[in-house]
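Data block for start-v7.txt (compact mmCIF, C-alpha atoms):
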# COMPACT_ATOMS: atom_id res chain seq x y z
CA GLU X 149 -18.74 -3.43 6.71
CA PRO X 150 -18.46 -2.08 3.15
CA GLU X 151 -15.33 -0.12 2.37
CA VAL X 152 -13.57 1.69 -0.43
CA THR X 153 -10.53 -0.18 -1.72
CA GLN X 154 -7.62 1.15 -3.76
CA THR X 155 -4.84 -0.48 -5.75
CA PRO X 156 -1.93 -0.41 -5.80
CA SER X 157 -1.02 0.74 -2.32
CA HIS X 158 2.26 2.14 -3.63
CA GLN X 159 3.21 3.04 -7.20
CA VAL X 160 6.66 4.11 -8.29
CA THR X 161 7.05 5.55 -11.78
CA GLN X 162 9.46 7.51 -13.90
CA MET X 163 8.73 11.10 -14.79
CA GLY X 164 6.78 11.31 -18.05
CA GLN X 165 5.18 7.90 -17.67
CA GLU X 166 1.45 7.30 -17.49
CA VAL X 167 -0.08 5.86 -14.35
CA ILE X 168 -3.53 4.56 -13.58
CA LEU X 169 -4.74 4.47 -10.01
CA ARG X 170 -7.65 2.20 -9.30
CA CYS X 171 -10.49 2.37 -6.83
CA VAL X 172 -13.48 0.21 -6.03
CA PRO X 173 -16.09 2.42 -4.35
CA ILE X 174 -18.79 1.13 -2.02
CA SER X 175 -21.20 -0.77 -4.22
CA ASN X 176 -24.42 1.26 -3.80
CA HIS X 177 -22.73 4.66 -3.87
CA LEU X 178 -23.34 7.04 -6.74
CA TYR X 179 -20.77 9.81 -6.22
CA PHE X 180 -17.06 9.27 -6.56
CA TYR X 181 -14.09 11.50 -5.81
CA TRP X 182 -10.36 11.74 -6.04
CA TYR X 183 -8.25 13.72 -3.60
CA ARG X 184 -4.54 14.05 -3.18
CA GLN X 185 -2.33 14.79 -0.24
CA ILE X 186 1.26 15.85 -0.76
CA LEU X 187 3.43 14.70 2.13
CA GLY X 188 2.95 16.99 5.10
CA GLN X 189 0.25 19.06 3.43
CA LYS X 190 -3.53 19.20 3.52
CA VAL X 191 -5.89 17.00 1.56
CA GLU X 192 -6.81 18.63 -1.76
CA PHE X 193 -9.88 17.99 -3.86
CA LEU X 194 -9.22 16.88 -7.44
CA VAL X 195 -12.48 15.80 -9.02
CA SER X 196 -15.97 14.51 -8.39
CA PHE X 197 -17.83 12.15 -10.70
CA TYR X 198 -21.51 11.33 -10.98
CA ASN X 199 -23.65 9.68 -13.60
CA ASN X 200 -20.63 8.87 -15.76
CA GLU X 201 -19.37 12.40 -15.99
CA ILE X 202 -17.27 14.87 -14.06
CA SER X 203 -19.47 17.05 -11.85
CA GLU X 204 -16.72 19.27 -10.43
CA LYS X 205 -12.98 19.58 -10.71
CA SER X 206 -10.33 21.72 -9.12
CA GLU X 207 -7.63 23.77 -10.82
CA ILE X 208 -5.20 20.96 -10.02
CA PHE X 209 -7.15 18.62 -12.29
CA ASP X 210 -5.69 19.76 -15.62
CA ASP X 211 -5.47 18.03 -19.00
CA GLN X 212 -2.93 15.57 -17.63
CA PHE X 213 -5.61 14.01 -15.45
CA SER X 214 -8.63 11.97 -16.43
CA VAL X 215 -11.12 9.77 -14.65
CA GLU X 216 -13.15 6.86 -15.83
CA ARG X 217 -15.63 4.35 -14.58
CA PRO X 218 -14.87 1.56 -17.02
CA ASP X 219 -17.34 -0.90 -15.53
CA GLY X 220 -19.88 -1.10 -12.74
CA SER X 221 -17.35 -1.36 -9.97
CA ASN X 222 -14.04 0.38 -10.78
CA PHE X 223 -13.23 4.08 -10.75
CA THR X 224 -9.85 5.10 -12.11
CA LEU X 225 -7.62 8.15 -12.11
CA LYS X 226 -5.14 8.42 -14.97
CA ILE X 227 -2.19 10.76 -15.03
CA ARG X 228 -0.93 10.93 -18.60
CA SER X 229 2.61 12.21 -18.18
CA THR X 230 3.67 12.26 -14.57
CA LYS X 231 5.72 15.08 -13.09
CA LEU X 232 7.83 15.08 -9.96
CA GLU X 233 5.23 17.26 -8.25
CA ASP X 234 2.57 14.59 -8.78
CA SER X 235 4.21 12.57 -5.99
CA ALA X 236 1.54 12.35 -3.31
CA MET X 237 -0.96 10.09 -1.63
CA TYR X 238 -4.08 9.80 -3.76
CA PHE X 239 -7.35 9.04 -2.00
CA CYS X 240 -10.51 7.79 -3.62
CA ALA X 241 -13.81 8.41 -1.84
CA SER X 242 -17.44 7.60 -2.48
CA SER X 243 -20.78 8.71 -1.12
CA GLY X 244 -24.41 7.81 -1.58
CA GLY X 245 -25.29 11.40 -2.42
CA PRO X 246 -23.36 14.59 -3.22
CA ALA X 247 -20.54 15.28 -0.78
CA GLY X 248 -21.43 18.07 1.57
CA LYS X 249 -25.08 17.12 1.75
CA PHE X 250 -25.73 16.31 5.38
CA SER X 251 -26.95 12.79 4.95
CA ASP X 252 -24.25 11.74 2.56
CA GLU X 253 -21.03 10.88 4.29
CA GLN X 254 -17.92 10.36 2.23
CA PHE X 255 -16.00 7.16 2.79
CA PHE X 256 -12.32 7.27 1.94
CA GLY X 257 -10.11 4.49 0.70
CA PRO X 258 -6.68 3.75 2.21
CA GLY X 259 -4.88 5.65 -0.53
CA THR X 260 -2.26 4.98 -3.18
CA ARG X 261 1.16 6.47 -2.56
CA LEU X 262 2.52 7.67 -5.89
CA THR X 263 6.24 8.32 -6.14
CA VAL X 264 7.52 9.95 -9.33
CA LEU X 265 11.28 9.65 -9.86
CA LYS U 251 -12.34 33.17 -0.10
CA ASN U 252 -13.43 29.87 1.43
CA GLN U 253 -10.88 28.83 4.03
CA VAL U 254 -10.58 26.47 6.98
CA GLU U 255 -7.93 27.21 9.60
CA GLN U 256 -7.02 24.78 12.36
CA SER U 257 -5.05 25.21 15.54
CA PRO U 258 -2.81 24.18 17.01
CA GLN U 259 -0.73 22.73 14.19
CA SER U 260 0.44 19.98 16.54
CA LEU U 261 -0.16 18.97 20.12
CA ILE U 262 1.48 16.56 22.55
CA ILE U 263 -0.49 15.30 25.55
CA LEU U 264 -0.14 12.56 28.10
CA GLU U 265 -2.34 9.49 27.95
CA GLY U 266 -5.52 9.98 29.95
CA LYS U 267 -5.58 13.76 29.54
CA ASN U 268 -8.20 15.75 27.68
CA CYS U 269 -7.56 18.13 24.79
CA THR U 270 -9.42 20.52 22.53
CA LEU U 271 -8.68 21.23 18.89
CA GLN U 272 -9.91 24.36 17.14
CA CYS U 273 -11.29 25.08 13.68
CA ASN U 274 -12.19 28.49 12.26
CA TYR U 275 -13.76 28.82 8.85
CA THR U 276 -14.77 31.43 6.34
CA VAL U 277 -16.95 29.25 4.16
CA SER U 278 -20.19 30.49 2.68
CA PRO U 279 -22.89 29.47 2.26
CA PHE U 280 -22.28 26.98 5.02
CA SER U 281 -23.75 23.50 4.64
CA ASN U 282 -22.07 21.33 7.26
CA LEU U 283 -18.87 20.76 9.20
CA ARG U 284 -17.18 17.43 9.70
CA TRP U 285 -14.28 16.27 11.81
CA TYR U 286 -12.14 13.44 10.48
CA LYS U 287 -9.41 11.37 12.07
CA GLN U 288 -6.53 10.42 9.78
CA ASP U 289 -3.99 7.86 10.90
CA THR U 290 -0.58 8.13 9.25
CA GLY U 291 -0.68 6.71 5.74
CA ARG U 292 -4.42 6.05 5.85
CA GLY U 293 -7.54 7.70 4.53
CA PRO U 294 -9.59 10.06 6.72
CA VAL U 295 -12.35 8.50 8.81
CA SER U 296 -15.41 10.52 9.80
CA LEU U 297 -15.90 11.31 13.50
CA THR U 298 -18.76 13.82 13.57
CA ILE U 299 -20.87 15.91 11.24
CA MET U 300 -22.89 18.99 12.18
CA THR U 301 -25.21 21.27 10.31
CA PHE U 302 -25.99 24.94 10.95
CA SER U 303 -28.64 24.17 13.57
CA GLU U 304 -26.53 21.81 15.67
CA ASN U 305 -24.09 23.10 18.25
CA THR U 306 -22.78 19.86 19.70
CA LYS U 307 -22.32 16.27 18.58
CA SER U 308 -20.67 13.40 20.38
CA ASN U 309 -19.10 10.17 19.20
CA GLY U 310 -17.76 8.23 22.15
CA ARG U 311 -14.85 10.19 23.64
CA TYR U 312 -15.05 12.77 20.85
CA THR U 313 -17.32 15.80 21.23
CA ALA U 314 -17.56 18.45 18.55
CA THR U 315 -19.06 21.89 19.02
CA LEU U 316 -20.13 24.40 16.44
CA ASP U 317 -20.79 28.12 16.73
CA ALA U 318 -22.21 29.13 13.37
CA ASP U 319 -22.33 32.80 14.36
CA THR U 320 -18.61 33.06 15.03
CA LYS U 321 -17.79 30.33 12.47
CA GLN U 322 -15.84 28.30 14.95
CA SER U 323 -15.79 24.63 15.84
CA SER U 324 -13.89 22.59 18.37
CA LEU U 325 -13.20 18.91 18.84
CA HIS U 326 -12.78 17.79 22.44
CA ILE U 327 -11.13 14.46 23.15
CA THR U 328 -11.71 13.02 26.60
CA ALA U 329 -9.42 10.61 28.43
CA SER U 330 -7.00 10.33 25.53
CA GLN U 331 -5.55 6.98 24.50
CA LEU U 332 -2.36 6.15 22.65
CA SER U 333 -4.50 5.19 19.64
CA ASP U 334 -5.79 8.76 19.45
CA SER U 335 -2.42 9.78 18.01
CA ALA U 336 -3.38 10.93 14.51
CA SER U 337 -4.20 14.02 12.47
CA TYR U 338 -7.62 15.55 13.06
CA ILE U 339 -9.02 17.34 10.08
CA CYS U 340 -11.86 19.86 10.00
CA VAL U 341 -13.78 19.85 6.72
CA VAL U 342 -16.42 22.42 5.85
CA SER U 343 -18.90 22.08 3.02
CA ALA U 344 -20.52 24.91 1.13
CA TYR U 345 -23.29 24.80 -1.39
CA THR U 346 -22.66 27.06 -4.37
CA GLY U 347 -24.78 25.42 -7.00
CA GLY U 348 -22.82 22.26 -6.24
CA PHE U 349 -21.26 21.12 -3.02
CA LYS U 350 -17.67 22.16 -2.31
CA THR U 351 -15.68 20.61 0.50
CA ILE U 352 -12.80 22.57 1.96
CA PHE U 353 -10.24 20.75 4.10
CA GLY U 354 -8.26 22.25 6.93
CA ALA U 355 -4.58 21.41 7.26
CA GLY U 356 -5.27 19.32 10.35
CA THR U 357 -3.93 19.18 13.88
CA ARG U 358 -1.34 16.50 14.51
CA LEU U 359 -2.00 14.96 17.93
CA PHE U 360 0.60 12.90 19.74
CA VAL U 361 -0.52 10.99 22.83
CA LYS U 362 2.36 9.83 25.01
CA ALA U 363 2.37 7.15 27.69
I'd like the structure from this file rewritten - as structure tokens, please.
Amino acid sequence: EPEVTQTPSHQVTQMGQEVILRCVPISNHLYFYWYRQILGQKVEFLVSFYNNEISEKSEIFDDQFSVERPDGSNFTLKIRSTKLEDSAMYFCASSGGPAGKFSDEQFFGPGTRLTVL
Amino acid sequence: KNQVEQSPQSLIILEGKNCTLQCNYTVSPFSNLRWYKQDTGRGPVSLTIMTFSENTKSNGRYTATLDADTKQSSLHITASQLSDSASYICVVSAYTGGFKTIFGAGTRLFVKA
């Protein structure tokens, strides 16, 4: 069964450092997303990506964040200068159509736990 | 403001018992409502999805209901198993030119032997 994969599973970094979180969405999906979940809190939407550009982003997704689909399979989230409050689980998701449309279920990856020291 | 509220925050039940989790939303215009199961440290996995015209949907021991008039949904788990211990998240989608998905905070379910 196809699945979304994410690497690394756990990333530890120093405050101010850049990190890149990687995701391989399901191969025939067209819509890609990043979410984060701070420990003990709800899942929060960061950004959606379609046709090589951002289609929506939340207020969390500021200039420190960027996304890229560098090739036909990977989807990355870059945090330029990490802050302590960026520590969270980051989930990648993909769907065949736009999330929210009935027929287009989002499939989530297992997450990357980012710890900023 | 688009919001999704879930109750209870946490719940402890004995294995084999049934339980019902609640979700109230103020999301407009409503597109669909999904229930996800999230095991600790894992990504959410879809259980059910319902649109405005559906008022019940089952997936094995999971049955979701939707009342679009009162903007309430419930997830009923029958004959609970230890593996049902997880967070159950209600997610509501709205279409406002683009689709927005709003997550509830989840109900943490503990099933004890």
Quick check: residues of chain X within 6 Å of chain U, only C-alpha atoms, returned as a JSON list (two decimals) with C-alpha atoms, keeping the file's coordinate frame.
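Wrote iface33.json, looks like this:
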[["chain", "number", "residue", "atom", "x", "y", "z"],
["X", 190, "LYS", "CA", -3.53, 19.20, 3.52],
["X", 248, "GLY", "CA", -21.43, 18.07, 1.57],
["X", 256, "PHE", "CA", -12.32, 7.27, 1.94],
["X", 257, "GLY", "CA", -10.11, 4.49, 0.70],
["X", 258, "PRO", "CA", -6.68, 3.75, 2.21]]
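Here CA of Val167 (chain X) is placed at a distance of 10.0 Å from CA of Val264 (chain X).
Every protein or nucleic acid residue with an atom no more than 8 Å from Thr328 (chain U), counting only C-alpha atoms and leaving out same-chain residues fewer than 6 positions away, appears here: Gly266, Lys267, Asn268, Cys269, Arg311 and Tyr312 of chain U.
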Listed atoms of region 337-351 of chain U, axis-aligned box, 8 Å per side: centre and edge lengths to one decimal in Å, as JSON?
{"center_x": -14.5, "center_y": 20.5, "center_z": 3.0, "size_x": 36.6, "size_y": 29.0, "size_z": 36.1}
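For the pair CA of Tyr275 (chain U) and CA of Pro246 (chain X), the separation is 21.0 Å.
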Distance of CA of Tyr338 (chain U) from CA of Val191 (chain X), expressed in Å to one decimal place: 11.7 Å
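With all atoms listed in the file as the atoms that count, the minimum distance from Ser324 (chain U) to the choices U:Asn252, U:Thr270, U:Gln259, U:Thr290 is reached by U:Thr270.
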Within 7 Å of region 180-184 of chain X using all atoms listed in the file, minus same-chain residues under 3 positions, as a list in words: Val191, Glu192, Phe193, Leu194, Val195, Ser196, Phe197, Tyr198, Ala236, Met237, Tyr238, Phe239, Cys240, Ala241, Ser242 and Ser243 of chain X
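Here the residues that fall within 7 Å of (-9.2, 22.7, 15.4), using only C-alpha atoms, are given as Gln256, Ser257, Pro258, Leu271, Gln272, Cys273, Ser323, Ser324, Leu325, Cys340 and Thr357 of chain U.
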Prev. selection, C-alpha atoms, output as a compact mmCIF listing (two decimals), in the frame of the given file:
# COMPACT_ATOMS: atom_id res chain seq x y z
CA GLN U 256 -7.02 24.78 12.36
CA SER U 257 -5.05 25.21 15.54
CA PRO U 258 -2.81 24.18 17.01
CA LEU U 271 -8.68 21.23 18.89
CA GLN U 272 -9.91 24.36 17.14
CA CYS U 273 -11.29 25.08 13.68
CA SER U 323 -15.79 24.63 15.84
CA SER U 324 -13.89 22.59 18.37
CA LEU U 325 -13.20 18.91 18.84
CA CYS U 340 -11.86 19.86 10.00
CA THR U 357 -3.93 19.18 13.88
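The nearest approach to Ser337 (chain U) among the residues U:Lys287, U:Lys307, U:Lys251, U:Lys321, with only C-alpha atoms taken into account, belongs to U:Lys287.
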Cut-off 10 Å around (7.1, 9.4, -15.3) with all atoms listed in the file: residues as a VMD selection string: chain X and resid 160 to 167 227 to 232 234 263 to 265
